[in-house]
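With CSV, C-alpha atoms and all ligand atoms inside, this is run14.csv:
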chain,number,residue,atom,x,y,z
Q,1,MET,CA,0.0,0.0,0.0
Q,2,ILE,CA,2.8,2.4,0.9
Q,3,SER,CA,4.5,1.9,-2.4
Q,4,ARG,CA,1.2,2.2,-4.2
Q,5,MET,CA,0.6,5.5,-2.4
Q,6,LYS,CA,4.0,6.7,-3.5
Q,7,SER,CA,3.1,6.4,-7.1
Q,8,HIS,CA,0.4,9.1,-6.8
Q,9,SER,CA,1.6,12.6,-7.6
Q,10,HIS,CA,1.7,15.0,-4.7
Q,11,SER,CA,-1.2,17.1,-5.9
Q,12,SER,CA,-3.5,14.2,-6.6
Q,13,PHE,CA,-2.8,12.7,-3.2
Q,14,SER,CA,-3.4,16.1,-1.6
Q,15,ALA,CA,-6.7,16.3,-3.4
Q,16,LEU,CA,-7.6,12.8,-2.2
Q,17,ILE,CA,-6.8,13.8,1.4
Q,18,ASN,CA,-8.9,17.0,1.0
Q,19,ILE,CA,-11.8,15.0,-0.2
Q,20,LEU,CA,-11.4,12.5,2.6
Q,21,LEU,CA,-11.2,15.1,5.3
Q,22,PHE,CA,-14.1,16.9,3.9
Q,23,ASN,CA,-16.1,13.7,4.0
Q,24,LEU,CA,-15.1,13.1,7.6
Q,25,ILE,CA,-16.3,16.6,8.5
Q,26,LEU,CA,-19.6,16.0,6.6
Q,27,LEU,CA,-20.0,12.8,8.5
Q,28,PHE,CA,-19.7,14.5,11.8
Q,29,ILE,CA,-21.9,17.4,10.9
Q,30,ALA,CA,-24.5,14.9,9.8
Q,31,LEU,CA,-24.2,12.9,13.0
Q,32,GLN,CA,-24.3,15.8,15.3
Q,33,PRO,CA,-26.8,18.3,14.2
Q,34,CYS,CA,-27.2,19.9,17.6
Q,35,SER,CA,-23.6,20.7,18.4
Q,36,SER,CA,-21.4,23.2,16.7
Q,37,SER,CA,-18.2,23.1,18.7
Q,38,ASP,CA,-17.2,19.5,17.8
Q,39,ILE,CA,-15.1,20.2,14.8
Q,40,ASN,CA,-12.1,22.4,14.8
Q,41,LEU,CA,-10.1,22.7,11.7
Q,42,HIS,CA,-7.7,25.5,11.2
Q,43,ASN,CA,-4.5,26.3,9.4
Q,44,SER,CA,-3.0,28.8,11.7
Q,45,THR,CA,0.1,26.9,12.9
Q,46,PRO,CA,3.4,28.0,11.3
Q,47,LYS,CA,4.5,24.4,10.5
Q,48,PRO,CA,3.1,22.8,7.4
Q,49,GLY,CA,0.0,20.8,8.0
Q,50,PHE,CA,-3.0,21.4,10.1
Q,51,ARG,CA,-4.8,20.1,13.1
Q,52,ILE,CA,-8.1,18.2,13.1
Q,53,ALA,CA,-10.1,17.5,16.2
Q,54,LEU,CA,-13.3,15.5,16.2
Q,55,GLN,CA,-15.4,15.0,19.3
Q,56,HIS,CA,-18.7,13.2,19.8
Q,57,VAL,CA,-20.1,14.8,22.9
Q,58,ASP,CA,-22.7,12.1,23.8
Q,59,SER,CA,-20.6,9.0,23.4
Q,60,GLY,CA,-17.4,10.6,24.6
Q,61,THR,CA,-15.6,9.5,21.5
Q,62,GLN,CA,-12.7,11.9,20.9
Q,63,PHE,CA,-10.3,12.1,18.1
Q,64,SER,CA,-7.7,14.8,17.7
Q,65,SER,CA,-4.8,14.9,15.4
Q,66,ARG,CA,-2.2,17.0,13.7
Q,67,VAL,CA,-1.9,16.1,10.1
Q,68,HIS,CA,1.2,16.9,8.1
Q,69,PRO,CA,3.1,15.8,5.0
Q,70,THR,CA,6.1,13.4,5.4
Q,71,ILE,CA,9.5,14.7,4.5
Q,72,THR,CA,9.1,13.5,0.9
Q,73,GLY,CA,5.7,15.2,0.7
Q,74,LEU,CA,4.2,12.1,-0.8
Q,75,GLU,CA,2.3,10.8,2.2
Q,76,TYR,CA,0.4,12.4,5.0
Q,77,VAL,CA,0.9,11.3,8.6
Q,78,MET,CA,-1.4,12.1,11.5
Q,79,GLN,CA,-0.3,12.1,15.1
Q,80,VAL,CA,-2.4,9.6,17.1
Q,81,GLY,CA,-2.5,9.3,20.8
Q,82,ILE,CA,-3.2,5.9,22.2
Q,83,GLY,CA,-3.6,4.5,25.7
Q,84,THR,CA,-3.8,5.9,29.2
Q,85,PRO,CA,-1.7,8.0,29.6
Q,86,PRO,CA,-1.6,8.6,25.9
Q,87,VAL,CA,1.5,7.7,23.9
Q,88,HIS,CA,1.8,9.4,20.5
Q,89,TYR,CA,2.8,7.9,17.2
Q,90,ASN,CA,2.8,9.0,13.6
Q,91,ALA,CA,0.4,7.0,11.5
Q,92,VAL,CA,0.4,7.1,7.7
Q,93,ILE,CA,-3.1,7.9,6.5
Q,94,ASN,CA,-4.2,5.0,4.4
Q,95,THR,CA,-7.4,5.5,2.4
Q,96,GLY,CA,-7.2,2.1,0.7
Q,97,ALA,CA,-7.5,-0.1,3.8
Q,98,ASP,CA,-9.3,-0.1,7.0
Q,99,LEU,CA,-7.1,-1.3,9.9
Q,100,ILE,CA,-5.8,1.1,12.5
Q,101,TRP,CA,-2.6,-0.3,13.9
Q,102,THR,CA,0.6,0.6,15.7
Q,103,GLN,CA,3.8,-1.2,16.5
Q,104,CYS,CA,3.7,-2.9,19.9
Q,105,LYS,CA,6.0,-4.3,22.4
Q,106,PRO,CA,7.3,-7.0,22.4
Q,107,CYS,CA,8.5,-6.6,18.8
Q,108,LEU,CA,9.6,-9.5,16.6
Q,109,LYS,CA,10.2,-7.0,13.8
Q,110,CYS,CA,9.5,-3.3,13.8
Q,111,MET,CA,10.3,-0.2,11.7
Q,112,LYS,CA,12.4,2.4,13.3
Q,113,GLN,CA,10.0,5.1,14.7
Q,114,SER,CA,10.8,8.4,16.3
Q,115,THR,CA,8.5,7.8,19.3
Q,116,PRO,CA,8.6,4.8,21.7
Q,117,LEU,CA,6.8,1.6,20.8
Q,118,PHE,CA,3.4,1.2,22.3
Q,119,ASP,CA,3.7,-0.8,25.5
Q,120,SER,CA,0.3,-2.3,26.5
Q,121,GLU,CA,1.4,-3.0,30.0
Q,122,LYS,CA,1.8,0.7,30.6
Q,123,SER,CA,-1.7,1.6,29.6
Q,124,SER,CA,-4.5,1.3,32.2
Q,125,SER,CA,-7.2,1.4,29.5
Q,126,PHE,CA,-5.8,-1.4,27.3
Q,127,SER,CA,-7.4,-4.7,26.8
Q,128,ASN,CA,-7.0,-7.5,24.3
Q,129,LEU,CA,-10.0,-7.8,22.0
Q,130,SER,CA,-12.5,-10.6,22.8
Q,131,CYS,CA,-12.9,-13.2,20.1
Q,132,SER,CA,-16.7,-12.8,20.3
Q,133,THR,CA,-16.9,-9.3,18.8
Q,134,GLN,CA,-17.7,-8.5,15.2
Q,135,PHE,CA,-14.2,-7.0,14.9
Q,136,CYS,CA,-12.7,-10.4,15.3
Q,137,ASP,CA,-14.7,-11.8,12.4
Q,138,THR,CA,-13.3,-10.0,9.4
Q,139,ARG,CA,-11.1,-11.3,6.5
Q,140,GLN,CA,-8.0,-10.2,8.4
Q,141,THR,CA,-9.0,-11.0,12.0
Q,142,PHE,CA,-9.5,-14.4,13.6
Q,143,CYS,CA,-9.5,-16.2,16.9
Q,144,ALA,CA,-6.4,-18.2,17.8
Q,145,ILE,CA,-6.3,-19.9,21.1
Q,146,ASP,CA,-8.8,-17.4,22.7
Q,147,GLN,CA,-6.8,-14.4,21.4
Q,148,CYS,CA,-8.1,-12.3,18.6
Q,149,THR,CA,-5.3,-12.2,16.1
Q,150,TYR,CA,-4.8,-10.4,12.8
Q,151,ILE,CA,-2.6,-10.6,9.7
Q,152,TYR,CA,-3.0,-7.6,7.4
Q,153,VAL,CA,-1.2,-7.8,4.1
Q,154,TYR,CA,-0.9,-4.6,2.0
Q,155,ASN,CA,1.4,-5.7,-0.8
Q,156,ALA,CA,3.1,-9.0,-1.4
Q,157,ASP,CA,5.9,-8.2,1.0
Q,158,THR,CA,4.4,-5.6,3.3
Q,159,TYR,CA,2.3,-6.7,6.2
Q,160,THR,CA,1.6,-6.3,9.9
Q,161,ARG,CA,0.8,-9.0,12.3
Q,162,GLY,CA,-0.2,-9.1,15.9
Q,163,ASN,CA,-3.1,-9.2,18.2
Q,164,MET,CA,-6.3,-7.1,18.2
Q,165,ALA,CA,-6.8,-4.8,21.1
Q,166,THR,CA,-9.1,-2.1,22.4
Q,167,GLU,CA,-8.5,1.3,23.8
Q,168,THR,CA,-11.0,4.0,22.8
Q,169,PHE,CA,-11.1,2.3,19.4
Q,170,THR,CA,-10.2,-1.2,18.2
Q,171,PHE,CA,-6.8,-1.5,16.6
Q,172,GLY,CA,-4.0,-3.9,15.7
Q,173,CYS,CA,-1.1,-4.2,18.1
Q,174,GLY,CA,1.6,-5.2,15.6
Q,175,ASN,CA,4.5,-7.3,16.8
Q,176,ASP,CA,5.7,-8.3,13.3
Q,177,ASN,CA,5.7,-5.5,10.8
Q,178,HIS,CA,7.4,-5.7,7.4
Q,179,PHE,CA,7.6,-2.4,5.4
Q,180,PHE,CA,10.3,-1.0,3.2
Q,181,GLU,CA,10.8,2.3,5.0
Q,182,ASP,CA,11.1,3.6,8.5
Q,183,GLY,CA,9.8,6.7,10.1
Q,184,PHE,CA,6.2,5.8,11.0
Q,185,GLY,CA,4.7,3.8,13.8
Q,186,GLY,CA,1.6,2.4,12.1
Q,187,LEU,CA,-1.1,3.1,9.6
Q,188,MET,CA,-4.5,4.8,10.1
Q,189,GLY,CA,-7.1,3.0,8.1
Q,190,MET,CA,-9.6,5.3,6.5
Q,191,GLY,CA,-11.1,2.8,4.1
Q,192,ARG,CA,-14.7,1.6,4.1
Q,193,GLY,CA,-14.3,-1.6,6.0
Q,194,LEU,CA,-15.6,-2.3,9.5
Q,195,LEU,CA,-12.2,-1.8,11.2
Q,196,SER,CA,-11.5,1.7,9.9
Q,197,LEU,CA,-11.5,4.9,11.9
Q,198,VAL,CA,-14.5,6.3,10.0
Q,199,SER,CA,-16.5,3.1,10.6
Q,200,GLN,CA,-15.7,2.9,14.2
Q,201,LEU,CA,-16.6,6.5,15.0
Q,202,ASN,CA,-19.8,6.1,13.0
Q,203,VAL,CA,-20.8,2.9,14.8
Q,204,LYS,CA,-20.3,4.5,18.2
Q,205,ALA,CA,-22.3,7.5,17.2
Q,206,GLN,CA,-25.1,5.4,15.8
Q,207,ARG,CA,-25.3,3.4,19.0
Q,208,THR,CA,-25.7,6.6,21.1
Q,209,LEU,CA,-28.3,8.0,18.7
Q,210,SER,CA,-30.5,4.9,18.8
T,1,LIG,C1,-2.8,-9.5,25.4
T,1,LIG,O1,-2.4,-10.6,24.6
T,1,LIG,C2,-0.9,-10.7,24.5
T,1,LIG,C3,-0.7,-11.8,23.4
T,1,LIG,O2,-1.4,-13.0,23.7
T,1,LIG,C4,-0.3,-11.0,25.8
T,1,LIG,O3,1.1,-11.1,25.7
T,1,LIG,C5,-0.7,-9.9,26.8
T,1,LIG,O4,-0.2,-10.2,28.1
T,1,LIG,C6,-2.2,-9.7,26.8
T,1,LIG,N1,-2.5,-8.5,27.6
T,1,LIG,C7,-3.5,-8.4,28.5
T,1,LIG,C8,-3.6,-7.1,29.2
T,1,LIG,O5,-4.2,-9.4,28.8

Could you rewrite the structure in this file as structure tokens?
Ligand SMILES: *[C@@H]1O[C@H](CO)[C@@H](O)[C@H](O)[C@H]1NC(C)=O
Amino acid sequence: MISRMKSHSHSSFSALINILLFNLILLFIALQPCSSSDINLHNSTPKPGFRIALQHVDSGTQFSSRVHPTITGLEYVMQVGIGTPPVHYNAVINTGADLIWTQCKPCLKCMKQSTPLFDSEKSSSFSNLSCSTQFCDTRQTFCAIDQCTYIYVYNADTYTRGNMATETFTFGCGNDNHFFEDGFGGLMGMGRGLLSLVSQLNVKAQRTLS
């Protein structure tokens, strides 16, 4: 997926991201007709990039992130906080797939990342995902000896593997991650599947509305 994303020209990828973010905002406006302060989107920081903050007041679902281009300018990364207390990592925005994941301790194979690896033992809100949820019944997730496990293949030689876990959202805790470049700690799935950030925020909001 990463190498496929690299083949996009900068401008068409920027356009894609703009459309994506616009859709995210529309989604939240549509879900929260009564609140006006849930979405903050501004370009005022001197660094390239911008900050996006989404908050669903009723369910308590919060998502806030700084989005900025990578050094090559070919990809966008967003800063994601995970766990209690939150640990931040840079996730490459991935519109073609749905899994949200980060590299986790203990690591069989990991890319070099600028922030510490996620250590589930240090997060008080962490739990392994139960095998009985819908998130453990997708093409990439399955139950192995009472542990919800995943293998997510992007291209022939790029994949992430680990166990599924839950914080405020369901994500992959990757212990075995094969990619051709370093500098990021995981991917942020924005695709249409069940596991994506967009789907997960949507599902939570729908539950509270019903
Ligand atoms: C989650 O599962 C992993 C892999 O089976 C295990 O090493 C870890 O101790 C589990 N964590 C918790 C909090 O149960």

Do a neighbour search on range 155-162 of chain Q at 8 Å with only C-alpha atoms, toss out local chain neighbours closer than 5 positions, and write the hits as a PyMOL selection string. chain Q and resi 1+149-150+172-180

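Comparing Q:Leu187, Q:Leu74, Q:Cys136, Q:Ala144 by their smallest distance to ligand LIG 1 (chain T), the closest is Q:Ala144 (using only C-alpha atoms and all ligand atoms).
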
Rounded to one decimal, what separation in Å do you get between atom N1 of ligand LIG 1 (chain T) and CA of Phe184 in chain Q? 23.6 Å

Record the distance separating CA of Gly189 in chain Q and CA of Ser123 in chain Q, expressed in Å with one decimal.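 One can read the CA of Gly189 in chain Q to CA of Ser123 in chain Q distance as 22.2 Å.
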
With 10 Å as the cut-off and all atoms listed in the file counted, what is the closest atom pair between each nearby residue of chain Q and ligand LIG 1 (chain T)? Distances in Å to one decimal, ordered by chain and number, as a tab-separated table.
residue	atom	partner	partner_atom	distance
Q:Lys105	CA	T:LIG1	O3	9.0
Q:Pro106	CA	T:LIG1	O3	8.1
Q:Ser120	CA	T:LIG1	C8	6.7
Q:Glu121	CA	T:LIG1	C8	6.5
Q:Lys122	CA	T:LIG1	C8	9.6
Q:Ser123	CA	T:LIG1	C8	8.9
Q:Ser124	CA	T:LIG1	C8	9.0
Q:Ser125	CA	T:LIG1	C8	9.2
Q:Phe126	CA	T:LIG1	C8	6.4
Q:Ser127	CA	T:LIG1	C8	5.1
Q:Asn128	CA	T:LIG1	C1	4.8
Q:Leu129	CA	T:LIG1	C1	8.1
Q:Ala144	CA	T:LIG1	O2	9.3
Q:Ile145	CA	T:LIG1	O2	8.9
Q:Asp146	CA	T:LIG1	O2	8.7
Q:Gln147	CA	T:LIG1	O2	6.0
Q:Cys148	CA	T:LIG1	O1	8.4
Q:Thr149	CA	T:LIG1	O2	8.6
Q:Gly162	CA	T:LIG1	C3	8.0
Q:Asn163	CA	T:LIG1	C3	6.3
Q:Met164	CA	T:LIG1	O1	8.3
Q:Ala165	CA	T:LIG1	C1	7.5
Q:Cys173	CA	T:LIG1	C2	9.1
Q:Asn175	CA	T:LIG1	C3	9.5

Exercise: Asn90 in chain Q partners within 12 Å, only C-alpha atoms, chain neighbours under 3 positions left out, as a PyMOL selection string: chain Q and resi 65-70+75-82+87+93+100-103+112-118+182-188

What does the structure give for the distance between CA of Asp98 in chain Q and CA of Thr166 in chain Q, in Å to one decimal?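 Answer for the CA of Asp98 in chain Q to CA of Thr166 in chain Q separation: 15.5 Å.
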
Which of Q:Met190, Q:Cys104, Q:Val198, Q:Cys143 sits closest to Val92 in chain Q [using all atoms listed in the file]: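 Looking at the shortest contact to Val92 in chain Q, the residue is Q:Met190.
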
Counting all atoms listed in the file, which residue out of Q:Leu197, Q:Val153, Q:Arg139, Q:Thr95 sits closest to Thr168 in chain Q?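 Distance minimum relative to Thr168 in chain Q lands on Q:Leu197.
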
Could you complete range 92-116 of chain Q so that it carries N, CA, C and O atoms, and give it back as an mmCIF file, in the frame of the given file?
data_model
loop_
_atom_site.group_PDB
_atom_site.id
_atom_site.type_symbol
_atom_site.label_atom_id
_atom_site.label_comp_id
_atom_site.auth_asym_id
_atom_site.auth_seq_id
_atom_site.Cartn_x
_atom_site.Cartn_y
_atom_site.Cartn_z
ATOM 1 N N VAL Q 92 0.642 6.778 9.144
ATOM 2 C CA VAL Q 92 0.400 7.100 7.700
ATOM 3 C C VAL Q 92 -1.059 6.967 7.432
ATOM 4 O O VAL Q 92 -1.646 5.932 7.749
ATOM 5 N N ILE Q 93 -1.651 7.994 6.866
ATOM 6 C CA ILE Q 93 -3.100 7.900 6.500
ATOM 7 C C ILE Q 93 -3.232 7.026 5.296
ATOM 8 O O ILE Q 93 -2.563 7.200 4.283
ATOM 9 N N ASN Q 94 -4.103 6.074 5.428
ATOM 10 C CA ASN Q 94 -4.200 5.000 4.400
ATOM 11 C C ASN Q 94 -5.719 4.936 4.019
ATOM 12 O O ASN Q 94 -6.523 4.386 4.763
ATOM 13 N N THR Q 95 -6.029 5.472 2.842
ATOM 14 C CA THR Q 95 -7.400 5.500 2.400
ATOM 15 C C THR Q 95 -7.849 4.180 1.767
ATOM 16 O O THR Q 95 -9.021 3.956 1.529
ATOM 17 N N GLY Q 96 -6.870 3.325 1.465
ATOM 18 C CA GLY Q 96 -7.200 2.100 0.700
ATOM 19 C C GLY Q 96 -7.478 0.900 1.584
ATOM 20 O O GLY Q 96 -7.813 -0.158 1.072
ATOM 21 N N ALA Q 97 -7.300 1.018 2.887
ATOM 22 C CA ALA Q 97 -7.500 -0.100 3.800
ATOM 23 C C ALA Q 97 -8.119 0.344 5.063
ATOM 24 O O ALA Q 97 -8.188 1.547 5.314
ATOM 25 N N ASP Q 98 -8.559 -0.578 5.890
ATOM 26 C CA ASP Q 98 -9.300 -0.100 7.000
ATOM 27 C C ASP Q 98 -8.627 -0.251 8.401
ATOM 28 O O ASP Q 98 -8.991 0.433 9.335
ATOM 29 N N LEU Q 99 -7.643 -1.106 8.523
ATOM 30 C CA LEU Q 99 -7.100 -1.300 9.900
ATOM 31 C C LEU Q 99 -6.325 -0.154 10.426
ATOM 32 O O LEU Q 99 -5.535 0.466 9.734
ATOM 33 N N ILE Q 100 -6.586 0.147 11.694
ATOM 34 C CA ILE Q 100 -5.800 1.100 12.500
ATOM 35 C C ILE Q 100 -4.790 0.226 13.233
ATOM 36 O O ILE Q 100 -5.199 -0.711 13.908
ATOM 37 N N TRP Q 101 -3.528 0.508 13.135
ATOM 38 C CA TRP Q 101 -2.600 -0.300 13.900
ATOM 39 C C TRP Q 101 -1.363 0.514 14.312
ATOM 40 O O TRP Q 101 -1.066 1.546 13.722
ATOM 41 N N THR Q 102 -0.695 0.035 15.337
ATOM 42 C CA THR Q 102 0.600 0.600 15.700
ATOM 43 C C THR Q 102 1.536 -0.486 16.122
ATOM 44 O O THR Q 102 1.096 -1.592 16.463
ATOM 45 N N GLN Q 103 2.792 -0.208 16.086
ATOM 46 C CA GLN Q 103 3.800 -1.200 16.500
ATOM 47 C C GLN Q 103 3.777 -1.359 17.983
ATOM 48 O O GLN Q 103 3.758 -0.382 18.713
ATOM 49 N N CYS Q 104 3.796 -2.592 18.427
ATOM 50 C CA CYS Q 104 3.700 -2.900 19.900
ATOM 51 C C CYS Q 104 4.804 -3.701 20.388
ATOM 52 O O CYS Q 104 5.376 -4.535 19.694
ATOM 53 N N LYS Q 105 5.087 -3.483 21.664
ATOM 54 C CA LYS Q 105 6.000 -4.300 22.400
ATOM 55 C C LYS Q 105 5.301 -5.643 22.760
ATOM 56 O O LYS Q 105 4.109 -5.584 23.080
ATOM 57 N N PRO Q 106 5.937 -6.779 22.814
ATOM 58 C CA PRO Q 106 7.300 -7.000 22.400
ATOM 59 C C PRO Q 106 7.351 -7.155 20.863
ATOM 60 O O PRO Q 106 6.421 -7.684 20.256
ATOM 61 N N CYS Q 107 8.417 -6.678 20.241
ATOM 62 C CA CYS Q 107 8.500 -6.600 18.800
ATOM 63 C C CYS Q 107 9.382 -7.666 18.194
ATOM 64 O O CYS Q 107 10.564 -7.714 18.509
ATOM 65 N N LEU Q 108 8.808 -8.479 17.345
ATOM 66 C CA LEU Q 108 9.600 -9.500 16.600
ATOM 67 C C LEU Q 108 10.345 -8.710 15.494
ATOM 68 O O LEU Q 108 11.529 -8.882 15.279
ATOM 69 N N LYS Q 109 9.604 -7.873 14.771
ATOM 70 C CA LYS Q 109 10.200 -7.000 13.800
ATOM 71 C C LYS Q 109 9.432 -5.719 13.707
ATOM 72 O O LYS Q 109 8.205 -5.742 13.633
ATOM 73 N N CYS Q 110 10.130 -4.599 13.801
ATOM 74 C CA CYS Q 110 9.500 -3.300 13.800
ATOM 75 C C CYS Q 110 10.285 -2.332 12.922
ATOM 76 O O CYS Q 110 11.504 -2.457 12.827
ATOM 77 N N MET Q 111 9.594 -1.326 12.317
ATOM 78 C CA MET Q 111 10.300 -0.200 11.700
ATOM 79 C C MET Q 111 10.885 0.657 12.751
ATOM 80 O O MET Q 111 10.378 0.685 13.867
ATOM 81 N N LYS Q 112 11.906 1.426 12.383
ATOM 82 C CA LYS Q 112 12.400 2.400 13.300
ATOM 83 C C LYS Q 112 11.333 3.543 13.367
ATOM 84 O O LYS Q 112 10.858 3.989 12.341
ATOM 85 N N GLN Q 113 10.977 3.954 14.554
ATOM 86 C CA GLN Q 113 10.000 5.100 14.700
ATOM 87 C C GLN Q 113 10.600 6.079 15.658
ATOM 88 O O GLN Q 113 11.389 5.743 16.526
ATOM 89 N N SER Q 114 10.153 7.331 15.509
ATOM 90 C CA SER Q 114 10.800 8.400 16.300
ATOM 91 C C SER Q 114 10.187 8.443 17.726
ATOM 92 O O SER Q 114 10.756 9.066 18.607
ATOM 93 N N THR Q 115 9.077 7.771 17.951
ATOM 94 C CA THR Q 115 8.500 7.800 19.300
ATOM 95 C C THR Q 115 8.587 6.338 19.846
ATOM 96 O O THR Q 115 8.801 5.391 19.097
ATOM 97 N N PRO Q 116 8.441 6.172 21.160
ATOM 98 C CA PRO Q 116 8.600 4.800 21.700
ATOM 99 C C PRO Q 116 7.498 3.875 21.229
ATOM 100 O O PRO Q 116 6.394 4.297 20.905
#
